[in-house]
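Shown below: input-v7.txt, with compact mmCIF, C-alpha atoms and all ligand atoms.
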```txt
# COMPACT_ATOMS: atom_id res chain seq x y z
CA MET A 26 0.00 0.00 0.00
CA PRO A 27 1.49 3.41 -0.94
CA LYS A 28 1.97 6.08 1.71
CA LEU A 29 -0.54 8.95 1.94
CA PHE A 30 0.13 11.58 -0.77
CA GLU A 31 2.91 9.44 -2.28
CA ILE A 32 3.78 10.17 -5.91
CA LEU A 33 2.93 7.03 -7.92
CA THR A 34 3.91 8.32 -11.36
CA ARG A 35 5.61 11.45 -12.69
CA GLU A 36 5.68 12.50 -16.33
CA GLU A 37 7.17 15.61 -17.92
CA LEU A 38 4.56 16.86 -20.43
CA ALA A 39 6.49 19.98 -21.47
CA PRO A 40 9.32 22.07 -20.02
CA LYS A 41 8.54 22.91 -16.35
CA THR A 42 5.19 21.08 -16.65
CA ILE A 43 4.82 17.83 -14.75
CA MET A 44 1.87 15.43 -14.47
CA PHE A 45 1.70 13.49 -11.19
CA ASN A 46 -0.47 10.60 -10.05
CA ILE A 47 -0.71 10.78 -6.28
CA PHE A 48 -2.10 8.36 -3.70
CA ALA A 49 -4.91 10.32 -2.03
CA PRO A 50 -7.81 7.86 -1.53
CA THR A 51 -10.22 10.16 0.31
CA VAL A 52 -9.96 12.84 -2.38
CA ALA A 53 -10.11 10.26 -5.18
CA ARG A 54 -13.34 8.82 -3.78
CA ALA A 55 -15.24 12.13 -3.94
CA ILE A 56 -13.63 14.38 -6.58
CA GLN A 57 -15.61 15.63 -9.61
CA GLY A 58 -14.74 17.58 -12.75
CA GLY A 59 -13.92 21.25 -12.10
CA GLN A 60 -12.97 20.79 -8.45
CA PHE A 61 -9.50 21.35 -7.06
CA ILE A 62 -7.17 20.54 -4.18
CA ILE A 63 -4.83 22.61 -2.05
CA LEU A 64 -1.43 21.07 -1.43
CA ARG A 65 1.73 21.77 0.47
CA VAL A 66 5.10 20.51 -0.70
CA SER A 67 6.75 20.75 2.73
CA ALA A 68 5.79 21.45 6.35
CA ASN A 69 6.97 25.07 6.16
CA GLY A 70 5.69 25.65 2.64
CA GLU A 71 2.71 27.67 1.40
CA ARG A 72 -0.58 26.18 0.26
CA ILE A 73 -1.24 26.24 -3.48
CA PRO A 74 -4.49 25.38 -5.28
CA ILE A 75 -4.23 22.86 -8.13
CA SER A 76 -6.98 21.52 -10.41
CA ILE A 77 -7.69 17.84 -10.78
CA SER A 78 -7.25 16.45 -14.28
CA GLY A 79 -8.25 12.88 -13.49
CA TRP A 80 -8.57 10.17 -10.86
CA ASN A 81 -8.75 6.42 -10.31
CA ARG A 82 -11.24 5.73 -7.54
CA ASN A 83 -10.24 2.02 -7.24
CA GLU A 84 -6.54 2.76 -6.97
CA GLY A 85 -7.22 5.79 -4.70
CA SER A 86 -5.17 8.11 -6.90
CA ILE A 87 -5.65 11.61 -8.28
CA ARG A 88 -3.91 13.18 -11.25
CA ILE A 89 -2.64 16.76 -11.30
CA ILE A 90 -0.56 18.88 -13.67
CA ILE A 91 1.77 21.47 -12.19
CA MET A 92 3.34 24.24 -14.29
CA ALA A 93 6.16 25.95 -12.43
CA ALA A 94 5.15 29.60 -11.99
CA GLY A 95 7.08 30.57 -8.87
CA ARG A 96 8.75 29.13 -5.80
CA THR A 97 6.21 26.59 -4.53
CA SER A 98 5.28 25.18 -7.92
CA ALA A 99 9.01 24.99 -8.76
CA GLU A 100 9.59 23.00 -5.56
CA ALA A 101 6.64 20.76 -6.38
CA ILE A 102 7.89 19.74 -9.82
CA MET A 103 11.24 18.68 -8.29
CA LEU A 104 9.51 15.85 -6.38
CA LYS A 105 10.12 12.32 -7.69
CA VAL A 106 8.21 9.02 -7.72
CA GLY A 107 8.11 7.68 -4.14
CA ASP A 108 8.29 11.18 -2.57
CA CYS A 109 5.22 12.41 -0.70
CA PHE A 110 3.49 15.78 -0.73
CA GLN A 111 3.24 17.15 2.82
CA ASP A 112 -0.55 17.33 2.69
CA ILE A 113 -3.46 17.60 0.30
CA VAL A 114 -6.89 19.05 1.12
CA GLY A 115 -9.88 18.43 -1.09
CA PRO A 116 -12.04 18.12 -3.03
CA LEU A 117 -12.61 21.89 -2.91
CA GLY A 118 -14.98 24.13 -4.85
CA LYS A 119 -18.03 23.16 -6.85
CA ARG A 120 -18.00 20.81 -9.83
CA SER A 121 -18.26 22.36 -13.30
CA HIS A 122 -21.77 22.84 -14.62
CA VAL A 123 -22.97 20.05 -16.94
CA GLU A 124 -26.33 19.54 -18.65
CA GLU A 125 -27.95 18.16 -21.81
CA LEU A 126 -27.56 20.92 -24.39
CA ASP A 127 -29.40 21.82 -27.58
CA GLY A 128 -26.14 22.84 -29.25
CA THR A 129 -22.42 22.13 -29.13
CA ALA A 130 -20.28 22.38 -25.99
CA VAL A 131 -16.87 23.98 -26.52
CA LEU A 132 -14.23 23.37 -23.85
CA ILE A 133 -11.16 25.58 -24.00
CA GLY A 134 -7.89 24.93 -22.20
CA GLY A 135 -4.70 26.95 -22.00
CA GLY A 136 -1.64 25.66 -20.13
CA TYR A 137 -2.62 23.48 -17.15
CA GLY A 138 -6.24 24.32 -18.04
CA THR A 139 -6.16 21.58 -20.70
CA GLY A 140 -5.88 18.98 -17.94
CA ALA A 141 -8.58 20.70 -15.90
CA ILE A 142 -11.22 20.55 -18.68
CA ILE A 143 -10.79 16.82 -19.42
CA PRO A 144 -13.11 15.45 -16.68
CA THR A 145 -15.89 17.89 -17.63
CA ALA A 146 -15.50 17.15 -21.36
CA ARG A 147 -15.99 13.48 -20.50
CA ASP A 148 -19.08 14.26 -18.36
CA LEU A 149 -20.67 16.42 -21.08
CA LYS A 150 -20.08 13.73 -23.70
CA ALA A 151 -21.54 11.05 -21.41
CA LEU A 152 -24.76 13.12 -21.37
CA GLY A 153 -24.93 12.81 -25.17
CA ASN A 154 -23.62 16.27 -26.06
CA LYS A 155 -21.33 17.10 -28.97
CA VAL A 156 -18.09 18.29 -27.39
CA ILE A 157 -15.37 20.28 -29.16
CA GLY A 158 -12.06 20.92 -27.41
CA ILE A 159 -9.87 23.92 -28.21
CA VAL A 160 -6.38 23.84 -26.75
CA GLY A 161 -3.94 26.70 -27.00
CA ALA A 162 -0.20 27.06 -26.47
CA ARG A 163 2.70 29.19 -27.67
CA ASN A 164 3.98 26.35 -29.89
CA LYS A 165 3.27 22.69 -30.64
CA ASP A 166 5.74 21.37 -28.04
CA LEU A 167 3.71 23.07 -25.30
CA LEU A 168 0.33 21.58 -26.30
CA LEU A 169 -0.68 19.15 -23.56
CA LEU A 170 -2.59 15.85 -23.54
CA GLN A 171 -3.64 15.86 -27.20
CA ASP A 172 -4.37 12.09 -27.27
CA GLU A 173 -6.56 12.22 -24.20
CA MET A 174 -8.41 15.29 -25.48
CA ASN A 175 -9.14 13.35 -28.70
CA GLU A 176 -10.61 10.52 -26.61
CA VAL A 177 -13.02 12.72 -24.64
CA CYS A 178 -14.04 15.17 -27.42
CA ASP A 179 -15.73 14.74 -30.81
CA GLU A 180 -13.17 17.12 -32.29
CA VAL A 181 -10.08 18.88 -31.00
CA ILE A 182 -8.81 22.15 -32.46
CA PRO A 183 -5.25 23.06 -31.47
CA THR A 184 -4.13 26.67 -31.75
CA THR A 185 -0.52 27.85 -31.50
CA ASN A 186 0.79 31.41 -31.42
CA ASP A 187 3.56 30.54 -33.90
CA GLY A 188 1.38 28.39 -36.19
CA SER A 189 3.52 25.26 -35.60
CA MET A 190 0.31 23.21 -35.17
CA GLY A 191 -3.37 23.80 -35.89
CA ILE A 192 -4.71 27.32 -36.23
CA GLU A 193 -2.12 30.11 -35.94
CA GLY A 194 -3.10 32.51 -33.18
CA PHE A 195 -5.13 32.22 -30.00
CA VAL A 196 -7.92 29.95 -28.77
CA THR A 197 -10.38 32.72 -29.67
CA HIS A 198 -9.48 32.21 -33.36
CA GLY A 199 -10.54 28.56 -33.01
CA LEU A 200 -13.70 29.55 -31.12
CA ALA A 201 -14.68 32.10 -33.79
CA LYS A 202 -14.52 29.38 -36.45
CA VAL A 203 -16.75 27.02 -34.44
CA ILE A 204 -19.32 29.77 -33.69
CA GLU A 205 -19.40 30.64 -37.42
CA ARG A 206 -20.23 27.12 -38.51
CA GLU A 207 -22.54 25.71 -35.82
CA LYS A 208 -24.79 26.46 -32.87
CA VAL A 209 -22.73 26.68 -29.68
CA SER A 210 -24.72 26.46 -26.42
CA TYR A 211 -22.00 26.13 -23.81
CA VAL A 212 -18.39 27.27 -23.38
CA LEU A 213 -16.02 26.45 -20.51
CA ALA A 214 -12.60 28.14 -20.51
CA VAL A 215 -9.77 27.35 -18.08
CA GLY A 216 -6.43 29.11 -18.41
CA PRO A 217 -4.75 32.49 -18.08
CA VAL A 218 -7.02 35.42 -17.17
CA PRO A 219 -6.57 37.34 -20.49
CA MET A 220 -7.61 34.19 -22.36
CA MET A 221 -10.75 33.67 -20.25
CA LYS A 222 -11.64 37.35 -20.61
CA ALA A 223 -11.23 37.26 -24.41
CA VAL A 224 -13.37 34.12 -24.66
CA SER A 225 -16.11 35.73 -22.56
CA GLU A 226 -16.10 38.86 -24.74
CA MET A 227 -16.42 36.71 -27.87
CA THR A 228 -19.46 34.79 -26.60
CA ARG A 229 -21.20 37.79 -25.03
CA PRO A 230 -22.91 39.12 -28.21
CA ASN A 231 -24.54 35.72 -28.87
CA GLY A 232 -25.47 35.18 -25.22
CA ILE A 233 -23.70 31.81 -25.17
CA GLN A 234 -23.58 30.27 -21.69
CA THR A 235 -19.91 30.79 -20.74
CA TRP A 236 -18.07 29.48 -17.69
CA VAL A 237 -14.58 30.49 -16.60
CA SER A 238 -12.53 28.96 -13.78
CA LEU A 239 -11.11 31.76 -11.67
CA ASN A 240 -7.49 31.29 -10.58
CA ALA A 241 -7.60 33.81 -7.73
CA ILE A 242 -4.95 33.74 -5.03
CA MET A 243 -6.19 31.32 -2.38
CA VAL A 244 -5.16 30.50 1.16
CA ASP A 245 -7.62 28.31 3.08
CA GLY A 246 -9.80 27.25 0.14
CA THR A 247 -12.94 26.99 2.25
CA GLY A 248 -14.46 30.49 2.12
CA MET A 249 -13.08 31.61 5.51
CA CYS A 250 -10.08 33.88 4.81
CA GLY A 251 -11.37 36.06 1.96
CA ALA A 252 -8.09 35.90 -0.01
CA CYS A 253 -9.80 34.70 -3.18
CA ARG A 254 -12.59 37.28 -3.21
CA CYS A 255 -13.63 38.51 -6.61
CA THR A 256 -16.57 40.42 -8.03
CA VAL A 257 -19.11 38.60 -10.17
CA GLY A 258 -22.33 40.28 -11.27
CA GLY A 259 -21.50 43.17 -8.91
CA LYS A 260 -21.41 40.87 -5.87
CA THR A 261 -18.43 39.67 -3.82
CA GLN A 262 -17.85 35.97 -4.33
CA PHE A 263 -15.20 33.62 -2.95
CA ALA A 264 -13.65 31.73 -5.86
CA CYS A 265 -12.78 28.75 -3.67
CA PHE A 266 -16.27 28.28 -2.27
CA HIS A 267 -18.79 29.77 -4.72
CA GLY A 268 -16.64 28.74 -7.71
CA PRO A 269 -14.08 28.24 -9.08
CA ASP A 270 -16.38 28.41 -12.15
CA PHE A 271 -18.41 31.56 -12.74
CA ASN A 272 -20.43 33.16 -15.52
CA GLY A 273 -17.69 34.76 -17.65
CA HIS A 274 -20.01 37.58 -18.74
CA GLU A 275 -20.31 38.78 -15.13
CA VAL A 276 -16.71 38.51 -13.89
CA ASN A 277 -14.69 41.63 -13.11
CA PHE A 278 -11.47 40.42 -14.78
CA GLU A 279 -9.57 43.69 -14.20
CA GLU A 280 -9.97 43.32 -10.44
CA LEU A 281 -8.95 39.65 -10.60
CA GLN A 282 -5.79 40.51 -12.53
CA ALA A 283 -4.90 43.33 -10.12
CA ARG A 284 -5.38 41.04 -7.10
CA GLN A 285 -3.21 38.34 -8.69
CA LYS A 286 -0.31 40.83 -8.74
CA MET A 287 -0.63 41.83 -5.06
CA PHE A 288 2.35 39.79 -3.83
CA GLN A 289 4.69 40.13 -6.81
CA VAL A 290 7.54 41.59 -4.72
CA GLN A 291 7.36 38.77 -2.15
CA GLU A 292 6.98 36.14 -4.92
CA LYS A 293 10.16 37.41 -6.61
CA ILE A 294 12.13 37.30 -3.34
CA ALA A 295 10.87 33.77 -2.56
CA LEU A 296 11.96 32.51 -6.00
CA GLU A 297 15.37 34.17 -5.70
CA GLN A 298 15.88 32.51 -2.31
CA LEU A 299 15.09 29.11 -3.83
CA ASN A 300 17.49 29.72 -6.72
CA GLU A 301 20.26 30.64 -4.23
CA VAL A 302 19.74 27.34 -2.39
CA LEU A 303 19.86 25.40 -5.65
CA VAL A 304 23.09 26.97 -6.97
C1 LIG A 401 -8.62 26.94 -8.52
C2 LIG A 401 -7.19 27.00 -9.02
C3 LIG A 401 -6.70 25.93 -9.73
C4 LIG A 401 -5.38 25.94 -10.20
N1 LIG A 401 -4.94 24.85 -10.87
C5 LIG A 401 -3.64 24.79 -11.25
C6 LIG A 401 -3.14 23.62 -11.89
O1 LIG A 401 -3.85 22.63 -12.11
N2 LIG A 401 -1.85 23.62 -12.24
C7 LIG A 401 -1.01 24.69 -12.01
O2 LIG A 401 0.18 24.61 -12.36
N3 LIG A 401 -1.46 25.81 -11.41
C8 LIG A 401 -2.74 25.89 -11.01
N4 LIG A 401 -3.22 27.02 -10.39
C9 LIG A 401 -2.29 28.16 -10.19
C10 LIG A 401 -1.36 27.85 -9.02
O3 LIG A 401 -2.09 27.77 -7.83
C11 LIG A 401 -0.30 28.95 -8.91
O4 LIG A 401 0.51 28.89 -10.06
C12 LIG A 401 0.58 28.74 -7.71
O5 LIG A 401 -0.14 29.01 -6.54
C13 LIG A 401 1.77 29.62 -7.80
O6 LIG A 401 2.55 29.55 -6.60
P1 LIG A 401 4.11 29.74 -6.68
O7 LIG A 401 4.64 29.91 -5.30
O8 LIG A 401 4.73 28.68 -7.49
O9 LIG A 401 4.28 31.05 -7.52
P2 LIG A 401 4.22 32.56 -7.02
O10 LIG A 401 5.48 33.22 -7.45
O11 LIG A 401 3.82 32.64 -5.59
O12 LIG A 401 3.03 33.11 -7.90
C14 LIG A 401 2.99 33.07 -9.30
C15 LIG A 401 1.58 33.50 -9.67
O13 LIG A 401 0.66 32.51 -9.20
C16 LIG A 401 -0.45 33.09 -8.52
N5 LIG A 401 -0.52 32.58 -7.12
C17 LIG A 401 0.42 32.72 -6.16
N6 LIG A 401 0.04 32.14 -5.00
C18 LIG A 401 -1.18 31.64 -5.22
C19 LIG A 401 -2.13 30.94 -4.43
N7 LIG A 401 -1.90 30.62 -3.14
N8 LIG A 401 -3.31 30.63 -4.99
C20 LIG A 401 -3.56 30.89 -6.30
N9 LIG A 401 -2.69 31.53 -7.10
C21 LIG A 401 -1.55 31.91 -6.59
C22 LIG A 401 -0.21 34.59 -8.49
O14 LIG A 401 -1.12 35.21 -9.36
C23 LIG A 401 1.18 34.81 -8.97
O15 LIG A 401 1.27 35.88 -9.85
C24 LIG A 401 -4.54 27.07 -9.95
C25 LIG A 401 -5.03 28.16 -9.23
C26 LIG A 401 -6.35 28.13 -8.76
C27 LIG A 401 -6.89 29.27 -7.98
S1 LIG A 402 -9.18 31.00 -0.22
FE1 LIG A 402 -9.88 31.84 1.63
S2 LIG A 402 -11.90 32.45 1.17
FE2 LIG A 402 -11.23 31.46 -0.64
```
Could you render the structure as structure tokens?
Ligand SMILES: Cc1cc2nc3c(=O)[nH]c(=O)nc-3n(C[C@H](O)[C@H](O)[C@H](O)COP(=O)(O)OP(=O)(O)OC[C@H]3O[C@@H](n4cnc5c(N)ncnc54)[C@H](O)[C@@H]3O)c2cc1C
Ligand code: FES
Amino acid sequence: MPKLFEILTREELAPKTIMFNIFAPTVARAIQGGQFIILRVSANGERIPISISGWNRNEGSIRIIIMAAGRTSAEAIMLKVGDCFQDIVGPLGKRSHVEELDGTAVLIGGGYGTGAIIPTARDLKALGNKVIGIVGARNKDLLLLQDEMNEVCDEVIPTTNDGSMGIEGFVTHGLAKVIEREKVSYVLAVGPVPMMKAVSEMTRPNGIQTWVSLNAIMVDGTGMCGACRCTVGGKTQFACFHGPDFNGHEVNFEELQARQKMFQVQEKIALEQLNEVLV
């Protein structure tokens, strides 16, 4: 029997982007698409929220993808098979919205967001919906989980900024093409804030139901500390508790982006300290 939070497998999907399977039976038993966990790498480390991209309820394992963005995520991707995360809390947040639709569902992933949309793509397809995946990256080497996306979607449209695979440009270029040719009833976008904002602006004129997963700074993940507060439809919401998915047409993205930058000075110092230790 593996130890609690032991790393069972580790795979490098792209530079600084690692997929882990972790033994976490309690989380694996209950997790659903769109939910997330909060983990710590070490006893003195900070808590970081990470989406779930899959699970095996029999084996008691969960699958996550970590892209190194700063100190804690950089420490996390250094862990090896057999190492253990300090602790994992979850499942947190609400599952992504799923329903039987009268048009196509388009699921859009950028960066680690591609992993995060996979469980919901599978759920939407199981309900009989047509599901199109759009995955974006800077170039073809950074596109994640293409085979698995093909399994859970009816069609997958890759977009790359440099045109090395699929449509040249951004995910919104792929979305515009789908909206032009068929009736789209549902969009879920998970990725960087500018991407989710651009997707929401594109679907607004047609009133397409649009969900975005807000990556606000989080601390406790249970609605107690207020760190993840954001404004949706003019009301204060806690991304960890009321979300992480919200109606993209109602989100105040400018405020979210400003709040994400609140600790930039401290984040830079923390990363420099890690780099000094590693030299
Ligand atoms: C619901 C949710 C799901 C996420 N899922 C994933 C995922 O599957 N894979 C992945 O690689 N990343 C995911 N993230 C982002 C991840 O939490 C941040 O990249 C990580 O916290 C950065 O910490 P750091 O110390 O490495 O970097 P830092 O240098 O501390 O920060 C880098 C950037 O990450 C953001 N950030 C910092 N601390 C936090 C925090 N405690 N909570 C949220 N954001 C923070 C800030 O905007 C900052 O600009 C998710 C975030 C949220 C809110
Ligand atoms: S992280 Fe504390 S309220 Fe959401």
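Atom CA of Ala94 of chain A to atom CA of Leu64 of chain A spans 15.1 Å [interatomic distance, one decimal].
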Practice task
Have a look at A:Ala146, A:Met103, A:Ile113, A:Leu169 and name the one nearest to Ile90 of chain A; count all atoms listed in the file.
Solution key: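 Closest to Ile90 of chain A, using all atoms listed in the file: A:Leu169.
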Starting from 5 Å padding per side, set up an axis-aligned box that covers all listed atoms of segment 287-303 of chain A and hand over centre and edge lengths in Å, one decimal, as AutoDock Vina command-line options.
```
--center_x 9.8 --center_y 33.6 --center_z -4.5 --size_x 30.9 --size_y 26.4 --size_z 14.7
```
Problem - One-decimal distance in Å that lies between atom CA of Phe278 of chain A and atom CA of Ile102 of chain A - result: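 Those two atoms sit 28.8 Å apart.
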Fill in the blank from the handout: Using only C-alpha atoms, the shortest atom-to-atom distance to Val224 of chain A among A:Val131, A:Phe288, A:Asp148, A:Thr139 belongs to A:Val131
Practice task
Point out the residue among A:Thr197, A:Asn81, A:Thr184, A:Gln234 with the least atom-to-atom distance to Ala55 of chain A, counting all atoms listed in the file.
Solution key: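 Nearest candidate to Ala55 of chain A out of A:Thr197, A:Asn81, A:Thr184, A:Gln234: A:Asn81.
A straight line drawn from atom CA of Cys109 of chain A to atom CA of Ile62 of chain A is 15.2 Å long.
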Problem - Contacts to ligand LIG 401 (chain A) at 8 Å cut-off (only C-alpha atoms and all ligand atoms) as a VMD selection string - result: chain A and resid 42 60 to 62 71 to 78 89 to 100 118 137 to 138 140 to 141 238 to 244 253 264 to 265 269 282 284 to 289 291 to 293 295 to 296
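Counting only C-alpha atoms, the residue from A:Pro144, A:Ile47, A:Ile63, A:Gln57 that sits nearest to Asp245 of chain A is A:Ile63.
Using all atoms listed in the file, the shortest contact distance between ligand LIG 402 (chain A) and any of A:Ala151, A:Leu117, A:Ile192, A:Ala130 is found at A:Leu117.
Nearest to ligand LIG 402 (chain A) of all the residues A:Glu275, A:Ala283, A:Glu173, A:Phe266 is A:Phe266, counting all atoms listed in the file.
Within the 12 Å cut-off around Asn175 of chain A, using all atoms listed in the file and omitting residues fewer than 6 positions from it on the same chain, the listed residues are Thr139, Ile143, Ala146, Arg147, Val156, Ile157, Gly158, Ile159, Val160, Leu169, Val181, Ile182 and Pro183 of chain A.
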